[in-house]
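Asker: Pasting run12.tsv below, which is TSV, C-alpha atoms and all ligand atoms.
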```
chain	number	residue	atom	x	y	z
A	25	MET	CA	0.00	0.00	0.00
A	26	ASN	CA	2.25	2.77	-1.30
A	27	PHE	CA	0.71	6.01	-2.50
A	28	LYS	CA	2.69	6.75	-5.68
A	29	ILE	CA	2.18	10.34	-6.80
A	30	ASN	CA	2.13	9.33	-10.46
A	31	GLU	CA	-1.11	7.47	-9.70
A	32	MET	CA	-2.56	10.65	-8.23
A	33	ARG	CA	-3.09	14.23	-9.30
A	34	ALA	CA	-0.03	16.35	-8.49
A	35	TYR	CA	-1.25	19.77	-7.32
A	36	SER	CA	0.75	22.98	-7.75
A	37	LYS	CA	1.19	25.39	-4.85
A	38	GLU	CA	-1.27	27.84	-6.46
A	39	GLU	CA	-3.87	25.10	-6.80
A	40	ILE	CA	-3.39	24.11	-3.16
A	41	ILE	CA	-3.89	27.75	-2.10
A	42	ASP	CA	-7.08	27.91	-4.20
A	43	ILE	CA	-8.38	24.72	-2.58
A	44	TYR	CA	-7.60	26.10	0.91
A	45	ASN	CA	-9.46	29.34	0.12
A	46	LYS	CA	-12.62	27.79	-1.30
A	47	PRO	CA	-15.90	28.77	0.38
A	48	ILE	CA	-15.81	26.63	3.50
A	49	MET	CA	-18.96	24.59	2.85
A	50	GLU	CA	-17.76	23.77	-0.69
A	51	LEU	CA	-14.35	22.81	0.68
A	52	ILE	CA	-15.77	20.49	3.34
A	53	PHE	CA	-18.17	18.90	0.84
A	54	GLU	CA	-15.39	18.26	-1.69
A	55	ALA	CA	-13.02	16.88	0.96
A	56	ALA	CA	-15.80	14.68	2.39
A	57	ASN	CA	-16.39	13.18	-1.06
A	58	VAL	CA	-12.70	12.40	-1.51
A	59	HIS	CA	-12.63	10.94	1.99
A	60	ARG	CA	-15.54	8.61	1.26
A	61	GLU	CA	-13.91	7.41	-1.94
A	62	PHE	CA	-10.79	6.12	-0.18
A	63	HIS	CA	-11.71	5.70	3.51
A	64	ASP	CA	-14.50	4.40	5.69
A	65	PRO	CA	-15.95	7.61	7.24
A	66	SER	CA	-17.35	5.72	10.23
A	67	LYS	CA	-13.89	4.60	11.41
A	68	ILE	CA	-11.40	6.43	13.59
A	69	GLN	CA	-7.85	5.31	14.30
A	70	VAL	CA	-6.74	6.03	17.87
A	71	SER	CA	-3.09	6.39	18.87
A	72	THR	CA	-1.58	7.06	22.29
A	73	LEU	CA	1.62	9.06	22.75
A	74	ILE	CA	4.22	7.99	25.30
A	75	SER	CA	7.00	10.47	25.97
A	76	ILE	CA	9.81	8.02	26.63
A	77	LYS	CA	12.46	10.73	27.07
A	78	THR	CA	11.24	14.18	27.98
A	79	GLY	CA	12.95	17.60	27.77
A	80	GLY	CA	16.57	18.66	27.63
A	81	CYS	CA	16.67	18.65	23.83
A	82	PRO	CA	19.58	20.53	22.22
A	83	GLU	CA	17.49	21.76	19.24
A	84	ASP	CA	15.82	25.19	19.05
A	85	CYS	CA	12.40	24.39	17.51
A	86	GLY	CA	10.52	27.59	18.41
A	87	TYR	CA	7.27	25.81	19.27
A	88	CYS	CA	8.72	23.12	21.50
A	89	PRO	CA	8.50	23.05	25.30
A	90	GLN	CA	11.16	20.30	25.35
A	91	ALA	CA	14.03	22.42	23.99
A	92	ALA	CA	16.60	22.78	26.78
A	93	ARG	CA	17.24	26.43	25.93
A	94	TYR	CA	13.68	27.59	26.72
A	95	HIS	CA	12.39	28.05	30.24
A	96	THR	CA	9.28	25.93	30.32
A	97	GLN	CA	7.60	24.11	33.18
A	98	ILE	CA	7.85	20.49	32.12
A	99	ASP	CA	8.80	17.35	34.04
A	100	LYS	CA	12.01	16.22	32.37
A	101	ASN	CA	13.04	12.59	32.41
A	102	ASP	CA	15.76	10.38	30.98
A	103	LEU	CA	14.74	7.33	28.95
A	104	LEU	CA	11.93	5.56	30.82
A	105	PRO	CA	12.48	1.95	31.92
A	106	TYR	CA	11.14	-0.82	29.66
A	107	GLU	CA	8.52	-1.98	32.22
A	108	THR	CA	7.09	1.53	32.65
A	109	VAL	CA	6.68	1.96	28.90
A	110	LEU	CA	5.13	-1.48	28.45
A	111	ASN	CA	2.65	-0.80	31.27
A	112	LEU	CA	1.67	2.52	29.68
A	113	ALA	CA	1.20	0.74	26.34
A	114	LYS	CA	-0.98	-1.96	27.96
A	115	ARG	CA	-3.12	0.73	29.57
A	116	ALA	CA	-3.44	2.51	26.19
A	117	LYS	CA	-4.63	-0.74	24.62
A	118	GLU	CA	-7.18	-1.32	27.40
A	119	ASN	CA	-8.44	2.21	26.78
A	120	GLY	CA	-9.05	1.49	23.10
A	121	SER	CA	-5.87	2.61	21.30
A	122	SER	CA	-4.62	0.47	18.42
A	123	ARG	CA	-1.29	2.26	18.17
A	124	VAL	CA	1.38	3.62	20.49
A	125	CYS	CA	3.66	6.45	19.39
A	126	MET	CA	6.85	6.77	21.43
A	127	GLY	CA	8.44	10.23	21.39
A	128	ALA	CA	11.95	11.15	22.51
A	129	ALA	CA	13.35	14.67	22.84
A	130	TRP	CA	16.45	13.82	20.82
A	131	ARG	CA	18.08	15.64	17.91
A	132	ASN	CA	18.80	12.27	16.36
A	133	VAL	CA	19.04	8.60	17.21
A	134	LYS	CA	22.46	7.61	18.56
A	135	GLU	CA	23.75	4.05	18.50
A	136	GLY	CA	24.16	2.60	21.99
A	137	GLU	CA	22.34	1.50	25.09
A	138	ASP	CA	19.37	3.87	24.69
A	139	PHE	CA	18.72	2.84	21.10
A	140	GLU	CA	18.93	-0.84	22.09
A	141	SER	CA	16.36	-0.15	24.84
A	142	VAL	CA	14.05	1.57	22.34
A	143	LEU	CA	14.32	-1.45	20.03
A	144	LYS	CA	13.32	-3.67	22.93
A	145	MET	CA	10.34	-1.41	23.72
A	146	VAL	CA	9.24	-1.52	20.06
A	147	SER	CA	9.42	-5.28	20.08
A	148	GLY	CA	7.56	-5.56	23.41
A	149	ILE	CA	4.72	-3.26	22.29
A	150	SER	CA	4.46	-5.00	18.93
A	151	ASP	CA	4.06	-8.29	20.85
A	152	LEU	CA	1.02	-6.74	22.58
A	153	ASN	CA	-0.56	-6.84	19.12
A	154	MET	CA	-0.50	-3.08	18.80
A	155	GLU	CA	0.87	-0.92	15.99
A	156	VAL	CA	3.98	0.99	16.98
A	157	CYS	CA	5.25	4.38	15.85
A	158	CYS	CA	8.35	6.26	16.99
A	159	THR	CA	9.44	9.88	16.73
A	160	LEU	CA	13.04	10.06	17.85
A	161	GLY	CA	14.51	12.84	15.68
A	162	MET	CA	16.77	12.19	12.70
A	163	VAL	CA	17.50	8.58	11.73
A	164	THR	CA	19.84	6.86	9.32
A	165	GLU	CA	18.65	4.19	6.91
A	166	SER	CA	20.27	1.41	8.92
A	167	GLN	CA	18.64	2.65	12.16
A	168	ALA	CA	15.26	2.79	10.38
A	169	THR	CA	15.81	-0.76	9.16
A	170	ARG	CA	16.67	-1.97	12.67
A	171	LEU	CA	13.52	-0.31	14.01
A	172	ALA	CA	11.47	-2.03	11.29
A	173	GLU	CA	13.02	-5.37	12.10
A	174	ALA	CA	12.19	-4.87	15.79
A	175	GLY	CA	8.51	-4.54	14.76
A	176	LEU	CA	8.05	-0.79	14.23
A	177	HIS	CA	5.30	0.11	11.76
A	178	TYR	CA	5.55	3.93	11.38
A	179	TYR	CA	8.20	6.60	11.87
A	180	ASN	CA	7.02	10.15	12.55
A	181	HIS	CA	9.19	13.06	11.47
A	182	ASN	CA	7.41	16.30	10.62
A	183	LEU	CA	8.30	18.89	8.00
A	184	ASP	CA	6.46	21.25	10.36
A	185	THR	CA	5.93	24.12	7.86
A	186	SER	CA	7.01	25.36	4.41
A	187	GLU	CA	10.66	25.35	3.43
A	188	GLU	CA	10.58	29.18	3.38
A	189	TYR	CA	9.03	29.67	6.84
A	190	TYR	CA	11.00	26.83	8.43
A	191	LYS	CA	14.07	29.07	8.94
A	192	GLU	CA	11.97	31.43	11.09
A	193	VAL	CA	11.14	28.59	13.47
A	194	ILE	CA	14.19	26.33	13.66
A	195	SER	CA	17.86	27.13	13.10
A	196	THR	CA	19.67	24.07	14.45
A	197	ARG	CA	18.82	21.83	11.50
A	198	GLY	CA	17.56	22.42	7.99
A	199	TYR	CA	14.59	21.39	5.89
A	200	GLU	CA	16.91	19.19	3.84
A	201	ASP	CA	17.88	17.27	7.00
A	202	ARG	CA	14.21	16.54	7.59
A	203	LEU	CA	13.76	15.38	4.00
A	204	GLU	CA	16.84	13.18	4.30
A	205	THR	CA	15.41	11.45	7.38
A	206	LEU	CA	12.11	10.90	5.55
A	207	ASN	CA	14.08	9.42	2.67
A	208	ASN	CA	15.95	7.09	5.04
A	209	VAL	CA	12.67	5.97	6.59
A	210	ARG	CA	11.19	5.40	3.14
A	211	LYS	CA	14.11	3.16	2.14
A	212	SER	CA	13.34	0.88	5.11
A	213	ALA	CA	10.14	-1.16	5.44
A	214	LEU	CA	8.61	1.53	7.68
A	215	LYS	CA	5.60	3.65	6.82
A	216	VAL	CA	6.12	7.40	6.76
A	217	CYS	CA	4.22	9.71	9.12
A	218	SER	CA	4.95	13.37	8.42
A	219	GLY	CA	2.95	16.56	8.82
A	220	GLY	CA	3.25	19.86	10.58
A	221	ILE	CA	1.91	22.67	12.70
A	222	ILE	CA	-0.34	25.62	11.91
A	223	GLY	CA	-0.61	28.76	14.00
A	224	MET	CA	3.09	29.64	14.21
A	225	GLY	CA	2.64	32.98	12.40
A	226	GLU	CA	2.94	31.43	8.93
A	227	LYS	CA	0.94	32.59	5.90
A	228	ILE	CA	-1.57	30.51	3.94
A	229	GLU	CA	1.17	30.22	1.30
A	230	ASP	CA	3.33	28.43	3.89
A	231	ARG	CA	0.56	26.02	4.82
A	232	ALA	CA	0.16	25.27	1.11
A	233	GLY	CA	3.96	25.04	0.72
A	234	MET	CA	4.14	22.40	3.45
A	235	LEU	CA	1.34	20.40	1.82
A	236	LEU	CA	3.10	20.75	-1.53
A	237	SER	CA	6.34	19.31	-0.07
A	238	LEU	CA	4.48	16.45	1.63
A	239	SER	CA	2.35	15.63	-1.40
A	240	ARG	CA	5.40	15.57	-3.69
A	241	LEU	CA	7.14	12.93	-1.58
A	242	ASP	CA	6.99	9.81	-3.69
A	243	PRO	CA	5.31	7.72	-2.37
A	244	GLN	CA	3.22	10.17	-0.35
A	245	PRO	CA	3.29	9.70	3.46
A	246	GLU	CA	0.90	7.04	4.73
A	247	SER	CA	0.03	9.34	7.63
A	248	VAL	CA	-0.07	13.15	7.96
A	249	PRO	CA	-0.56	14.72	11.40
A	250	ILE	CA	-1.96	18.26	11.42
A	251	ASN	CA	-1.13	20.00	14.70
A	252	ALA	CA	-2.57	23.31	15.85
A	253	LEU	CA	0.16	25.06	17.83
A	254	VAL	CA	-0.08	24.59	21.58
A	255	ALA	CA	1.50	27.91	22.61
A	256	VAL	CA	3.61	27.03	25.64
A	257	GLU	CA	4.85	29.67	28.08
A	258	GLY	CA	8.60	30.06	27.89
A	259	THR	CA	8.89	29.19	24.18
A	260	PRO	CA	9.44	31.87	21.50
A	261	LEU	CA	5.91	31.19	20.22
A	262	GLU	CA	4.25	31.61	23.63
A	263	GLU	CA	2.23	34.63	22.51
A	264	GLN	CA	0.69	33.16	19.39
A	265	ASN	CA	-3.11	33.30	19.34
A	266	ILE	CA	-5.22	30.15	19.51
A	267	VAL	CA	-5.63	28.82	15.97
A	268	PRO	CA	-9.16	29.55	14.69
A	269	VAL	CA	-11.05	26.27	14.27
A	270	TRP	CA	-11.87	27.22	10.67
A	271	ASP	CA	-8.16	27.22	9.85
A	272	VAL	CA	-7.81	23.71	11.28
A	273	ILE	CA	-10.81	22.53	9.25
A	274	ARG	CA	-9.45	24.15	6.06
A	275	MET	CA	-6.03	22.60	6.61
A	276	ILE	CA	-7.49	19.12	7.22
A	277	ALA	CA	-9.77	19.38	4.16
A	278	THR	CA	-6.94	20.59	1.92
A	279	THR	CA	-4.65	17.80	3.14
A	280	ARG	CA	-7.39	15.26	2.42
A	281	ILE	CA	-7.87	16.55	-1.13
A	282	VAL	CA	-4.19	16.72	-2.11
A	283	MET	CA	-3.28	13.39	-0.48
A	284	PRO	CA	-6.48	11.33	-0.91
A	285	LYS	CA	-5.20	8.01	0.41
A	286	THR	CA	-3.22	9.31	3.38
A	287	THR	CA	-4.53	8.97	6.94
A	288	VAL	CA	-4.97	12.55	8.18
A	289	ARG	CA	-4.55	12.90	11.95
A	290	LEU	CA	-6.19	15.72	13.88
A	291	SER	CA	-3.28	16.04	16.32
A	292	ALA	CA	-2.28	18.72	18.86
A	293	GLY	CA	-4.74	21.49	19.70
A	294	ARG	CA	-7.93	19.52	20.33
A	295	THR	CA	-8.38	20.90	23.87
A	296	GLU	CA	-9.20	24.26	22.26
A	297	MET	CA	-11.78	22.72	19.92
A	298	SER	CA	-15.47	22.01	20.52
A	299	THR	CA	-17.01	18.66	19.62
A	300	GLU	CA	-18.71	20.46	16.71
A	301	GLY	CA	-15.38	21.78	15.44
A	302	GLN	CA	-13.80	18.35	15.64
A	303	ALA	CA	-16.86	16.84	13.92
A	304	LEU	CA	-16.27	19.14	10.94
A	305	CYS	CA	-12.61	18.01	10.87
A	306	PHE	CA	-13.75	14.36	10.71
A	307	MET	CA	-16.27	15.28	8.03
A	308	ALA	CA	-13.45	16.98	6.10
A	309	GLY	CA	-11.25	13.91	6.16
A	310	ALA	CA	-9.49	13.48	9.50
A	311	SER	CA	-9.69	9.85	10.59
A	312	SER	CA	-7.17	9.60	13.38
A	313	ILE	CA	-6.48	11.27	16.73
A	314	PHE	CA	-4.16	11.07	19.72
A	315	ALA	CA	-5.95	9.82	22.84
A	316	GLY	CA	-5.22	10.36	26.52
A	317	GLU	CA	-4.96	13.22	29.02
A	318	LYS	CA	-1.54	14.24	27.70
A	319	LEU	CA	0.17	14.52	24.30
A	320	LEU	CA	3.91	14.53	25.03
A	321	THR	CA	3.98	17.33	27.61
A	322	THR	CA	0.78	19.30	27.01
A	323	PRO	CA	-2.88	18.51	27.81
A	324	ASN	CA	-5.22	16.61	25.52
A	325	PRO	CA	-8.91	15.68	25.97
A	326	GLY	CA	-9.05	12.49	28.05
A	327	GLU	CA	-10.33	9.11	26.86
A	328	ASP	CA	-13.75	9.55	28.50
A	329	LYS	CA	-14.42	12.78	26.64
A	330	ASP	CA	-13.35	11.18	23.37
A	331	ALA	CA	-15.48	8.09	23.98
A	332	GLU	CA	-18.46	10.41	24.46
A	333	MET	CA	-17.59	12.24	21.23
A	334	PHE	CA	-17.19	8.99	19.25
A	335	SER	CA	-20.55	7.76	20.51
A	336	LEU	CA	-22.24	11.06	19.64
A	337	LEU	CA	-20.72	11.14	16.14
A	338	GLY	CA	-21.08	7.41	15.46
A	339	LEU	CA	-17.33	6.92	15.04
A	340	ILE	CA	-15.89	3.44	15.63
A	341	PRO	CA	-12.26	3.08	16.74
A	342	THR	CA	-10.34	0.79	14.37
A	343	GLU	CA	-8.56	-2.37	15.39
A	344	LYS	CA	-4.86	-2.80	14.70
A	345	LYS	CA	-4.23	-3.42	10.98
A	346	LYS	CA	-3.45	-7.03	10.01
A	347	ASP	CA	-0.27	-8.18	11.71
A	348	ASN	CA	2.67	-7.47	9.46
A	349	THR	CA	5.43	-8.85	11.67
A	350	GLY	CA	6.01	-11.39	8.90
A	351	LYS	CA	6.89	-8.46	6.70
A	352	PHE	CA	10.18	-8.12	8.47
A	353	LYS	CA	11.00	-11.75	7.88
A	354	ILE	CA	10.17	-11.07	4.23
A	355	ARG	CA	12.47	-8.08	4.35
A	356	LYS	CA	15.33	-10.24	5.60
A	357	SER	CA	14.87	-12.70	2.75
A	358	LEU	CA	14.62	-9.78	0.37
A	359	VAL	CA	18.01	-8.58	1.56
A	360	GLU	CA	19.38	-12.11	1.15
A	361	ALA	CA	17.93	-12.31	-2.35
A	362	GLU	CA	19.44	-8.93	-3.24
A	363	GLU	CA	22.79	-10.09	-1.86
A	364	SER	CA	22.76	-13.26	-3.89
A	365	LYS	CA	22.03	-11.03	-6.89
A	366	LYS	CA	25.23	-9.08	-6.16
A	367	TRP	CA	27.26	-12.31	-6.45
A	368	SER	CA	26.26	-12.74	-10.08
A	369	ARG	CA	28.86	-12.15	-12.80
A	370	PRO	CA	27.60	-9.50	-15.25
A	371	GLY	CA	26.26	-11.07	-18.42
A	372	HIS	CA	26.07	-14.55	-16.89
A	373	ALA	CA	22.43	-15.53	-16.57
A	374	ILE	CA	23.09	-18.14	-13.91
A	375	GLU	CA	19.84	-19.84	-12.99
A	376	ARG	CA	20.27	-19.22	-9.27
A	377	ASN	CA	20.58	-15.48	-9.83
A	378	LEU	CA	17.59	-15.34	-12.11
A	379	ALA	CA	15.58	-17.15	-9.47
A	380	ALA	CA	16.84	-14.75	-6.79
A	381	THR	CA	15.89	-11.74	-8.92
A	382	GLU	CA	12.39	-13.11	-9.47
A	383	LYS	CA	12.05	-13.86	-5.76
A	384	ALA	CA	13.19	-10.33	-4.88
A	385	LYS	CA	10.63	-8.88	-7.31
A	386	ASP	CA	7.82	-10.92	-5.74
A	387	LEU	CA	8.90	-9.99	-2.25
A	388	ARG	CA	9.10	-6.32	-3.15
A	389	LYS	CA	5.60	-6.57	-4.61
A	390	SER	CA	4.22	-8.21	-1.48
A	391	LEU	CA	5.97	-5.59	0.70
A	392	LYS	CA	4.31	-2.80	-1.29
A	393	GLU	CA	0.93	-4.45	-1.04
A	394	SER	CA	1.09	-5.12	2.69
B	401	LIG	N1	12.45	15.22	18.78
B	401	LIG	C1	11.72	14.60	17.75
B	401	LIG	C2	11.56	15.48	16.55
B	401	LIG	O1	11.64	16.68	16.63
B	401	LIG	O2	11.34	14.92	15.47
B	401	LIG	C3	10.38	14.07	18.17
B	401	LIG	C4	9.47	14.82	19.09
B	401	LIG	S1	8.75	16.32	18.49
B	401	LIG	C5	8.01	16.90	19.98
B	401	LIG	C6	7.46	15.83	17.40
B	401	LIG	C7	6.59	16.90	16.78
B	401	LIG	O3	5.69	17.42	17.73
B	401	LIG	C8	7.25	18.13	16.22
B	401	LIG	O4	7.83	17.94	14.97
B	401	LIG	C9	6.08	19.10	16.12
B	401	LIG	O5	5.46	18.99	14.86
B	401	LIG	C10	5.15	18.61	17.22
B	401	LIG	N2	5.09	19.62	18.30
B	401	LIG	C11	6.03	19.87	19.23
B	401	LIG	N3	5.66	20.87	20.04
B	401	LIG	C12	4.43	21.27	19.62
B	401	LIG	C13	3.53	22.29	20.05
B	401	LIG	N4	3.82	23.09	21.06
B	401	LIG	N5	2.36	22.42	19.40
B	401	LIG	C14	2.06	21.60	18.36
B	401	LIG	N6	2.88	20.63	17.90
B	401	LIG	C15	4.05	20.48	18.52
B	402	LIG	C1	2.79	14.98	15.93
B	402	LIG	O1	2.72	15.47	14.78
B	402	LIG	N1	2.19	15.50	17.00
B	402	LIG	C2	2.53	14.74	18.19
B	402	LIG	C3	3.35	13.56	17.61
B	402	LIG	N2	3.47	13.89	16.22
B	402	LIG	C4	4.64	13.22	18.20
B	402	LIG	C5	3.20	15.56	19.21
B	402	LIG	C6	2.45	16.79	19.62
B	402	LIG	C7	3.19	17.47	20.71
B	402	LIG	C8	2.49	18.64	21.28
B	402	LIG	C9	3.29	19.33	22.32
B	402	LIG	C10	3.59	18.49	23.53
B	402	LIG	O2	2.70	17.83	24.08
B	402	LIG	O3	4.75	18.54	24.00
B	403	LIG	FE1	13.84	18.64	20.25
B	403	LIG	FE2	11.95	17.49	18.77
B	403	LIG	FE3	11.35	19.50	20.47
B	403	LIG	FE4	12.72	20.04	18.27
B	403	LIG	S1	10.63	19.25	18.37
B	403	LIG	S2	13.19	20.78	20.35
B	403	LIG	S3	13.96	18.19	18.08
B	403	LIG	S4	12.08	17.48	21.01
```
Go ahead and render the structure in this file as structure tokens.
Ligand code: SAM
Ligand code: DTB
Ligand code: SF4
Answerer:
Amino acid sequence: MNFKINEMRAYSKEEIIDIYNKPIMELIFEAANVHREFHDPSKIQVSTLISIKTGGCPEDCGYCPQAARYHTQIDKNDLLPYETVLNLAKRAKENGSSRVCMGAAWRNVKEGEDFESVLKMVSGISDLNMEVCCTLGMVTESQATRLAEAGLHYYNHNLDTSEEYYKEVISTRGYEDRLETLNNVRKSALKVCSGGIIGMGEKIEDRAGMLLSLSRLDPQPESVPINALVAVEGTPLEEQNIVPVWDVIRMIATTRIVMPKTTVRLSAGRTEMSTEGQALCFMAGASSIFAGEKLLTTPNPGEDKDAEMFSLLGLIPTEKKKDNTGKFKIRKSLVEAEESKKWSRPGHAIERNLAATEKAKDLRKSLKES
């Protein structure tokens, strides 16, 4: 299930701006139609965030309460113990989540004890028959592959905003670094989760620019989180106004139209939204949320409130997608098949190599389909 852009309409930035600016009822109607074509509108995917390492981050992302250089009131912690994380994941499952997303306030993943612990957590949560996602900062291709082999399904790494506005928000790493991480994730068997934030002082052009960059990734991301800025005291963006709900709805609808097959997640900012506002986001194509009292460090509507909302709106939380642990076994044999291909002498159509090439093709096909 890869969303190749050549199978879909590639929108220009101007077209994306025009979609965003459509009369709101037209926009919601159009997005709802696209949504119904590719998704079941009665289903909602529920993920729970676990902040496995909180605060003390060396980066300067202007929105982030976890950057060490800002003076925010958060409870910092080093990497949580395996048992604590597994218990939190079990609780999330009991409360109806089908996926856990582990977040770490790291610039990038470093080889060593902590990474080995994260791999063990991934494996443990995957064994609970839950989907697992991680957001750990920048990753290399080999780290992404190791995460996939441990049982990870998704890797989240956001573009956050347009390439132009990005420099106003973050200086310690560039847009191209983000794209490189997404490329590394894409080369592994992991699914790509990448989106951004609105309400950081950006223009509509920047919102469209971010959607342009995301929609031109080939394949497009399987998951796109849309966050409304949670303006946290002590960060450079502390004085930003609450994002108008209509902007969130427009952003969700536009994302749905330009990336029809992607799962659009209504992410941070829900505490500021009414049930009616969220209902319009679901109508416009959002089909996933983060559950629980807390996102990583900031508040989120609790599970009870969401259960009430789902019941009112007739939304049914989805089960975990079919188990694809086998996929990683397939991946290993794919690597073996590719290696045996490398042993071939150019021009010599040795039977074994032909067979290995065919096998690799089949395996690649089944990987794409799963
Ligand atoms: N350190 C890792 C990284 O930057 O990739 C992972 C954690 S980071 C907190 C994950 C994402 O959360 C960010 O890329 C940003 O989109 C989102 N985020 C962080 N602070 C936020 C805030 N105050 N409001 C909305 N979204 C926020
Ligand atoms: C994403 O796009 N939003 C989530 C998840 N991916 C990691 C994080 C939101 C964080 C909001 C601020 C906080 O709670 O610290
Ligand atoms: Fe660090 Fe991630 Fe926060 Fe940026 S968004 S400061 S990288 S935790």
Asker: Here is a test: counting all atoms listed in the file, which residue of A:Ser36, A:Thr169, A:Ser195, A:Asn57 is nearest to Ala277 (chain A)?
Answerer: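 Closest to Ala277 (chain A) of all the choices is A:Asn57.
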Asker: For Gly86 (chain A), work out the shell of residues within 8 Å, counting only C-alpha atoms and skipping chain neighbours fewer than 6 positions away, then give it as JSON, numbers by chain.
Answerer: {"A": [193, 194, 259, 260, 261]}
Asker: Return as a PyMOL selection string the residues of protein, DNA or RNA that approach ligand LIG 401 (chain B) to within 9 Å, with all atoms listed in the file taken into account.
Answerer: chain A and resi 75+81+83+85-90+126-132+158-162+180-185+202+218-224+249-256+259+261-262+291-293+320-322
Asker: Residues within 10 Å of Met297 (chain A), please, as a list in words. Count all atoms listed in the file; anything in the same chain fewer than 3 positions from it doesn't count.
Answerer: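 That gives Ile266, Val267, Pro268, Val269, Val272, Gly293, Arg294, Glu300, Gly301, Gln302, Ala303 and Pro325 of chain A.
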Asker: Restricting the output to C-alpha atoms, write the selected residues as a CSV table (one decimal), in the frame of the given file.
Answerer:
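Done, and the output landed in part22.csv:
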```csv
chain,number,residue,atom,x,y,z
A,266,ILE,CA,-5.2,30.2,19.5
A,267,VAL,CA,-5.6,28.8,16.0
A,268,PRO,CA,-9.2,29.6,14.7
A,269,VAL,CA,-11.0,26.3,14.3
A,272,VAL,CA,-7.8,23.7,11.3
A,293,GLY,CA,-4.7,21.5,19.7
A,294,ARG,CA,-7.9,19.5,20.3
A,300,GLU,CA,-18.7,20.5,16.7
A,301,GLY,CA,-15.4,21.8,15.4
A,302,GLN,CA,-13.8,18.4,15.6
A,303,ALA,CA,-16.9,16.8,13.9
A,325,PRO,CA,-8.9,15.7,26.0
```
Asker: Give the padded box for region 168-184 of chain A as lines of an AutoDock Vina configuration file: axis-aligned, covering all atoms listed in the file, 4 Å on each side, centre and edge lengths in Å to one decimal.
Answerer:
```
center_x = 11.0
center_y = 7.9
center_z = 11.9
size_x = 19.4
size_y = 34.6
size_z = 15.8
```
Asker: Calculated over only C-alpha atoms, which of the candidates A:Val146, A:Met234, A:Ala113, A:Leu214 has the smallest distance to Tyr199 (chain A)?
Answerer: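 With only C-alpha atoms as the atom set, the closest residue is A:Met234.
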Asker: From the options A:Leu290, A:Leu336, A:Met154, A:Val209, which residue's atoms come nearest to ligand LIG 402 (chain B), counting all atoms listed in the file?
Answerer: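 When distances to ligand LIG 402 (chain B) are compared using all atoms listed in the file, the smallest one comes from A:Leu290.
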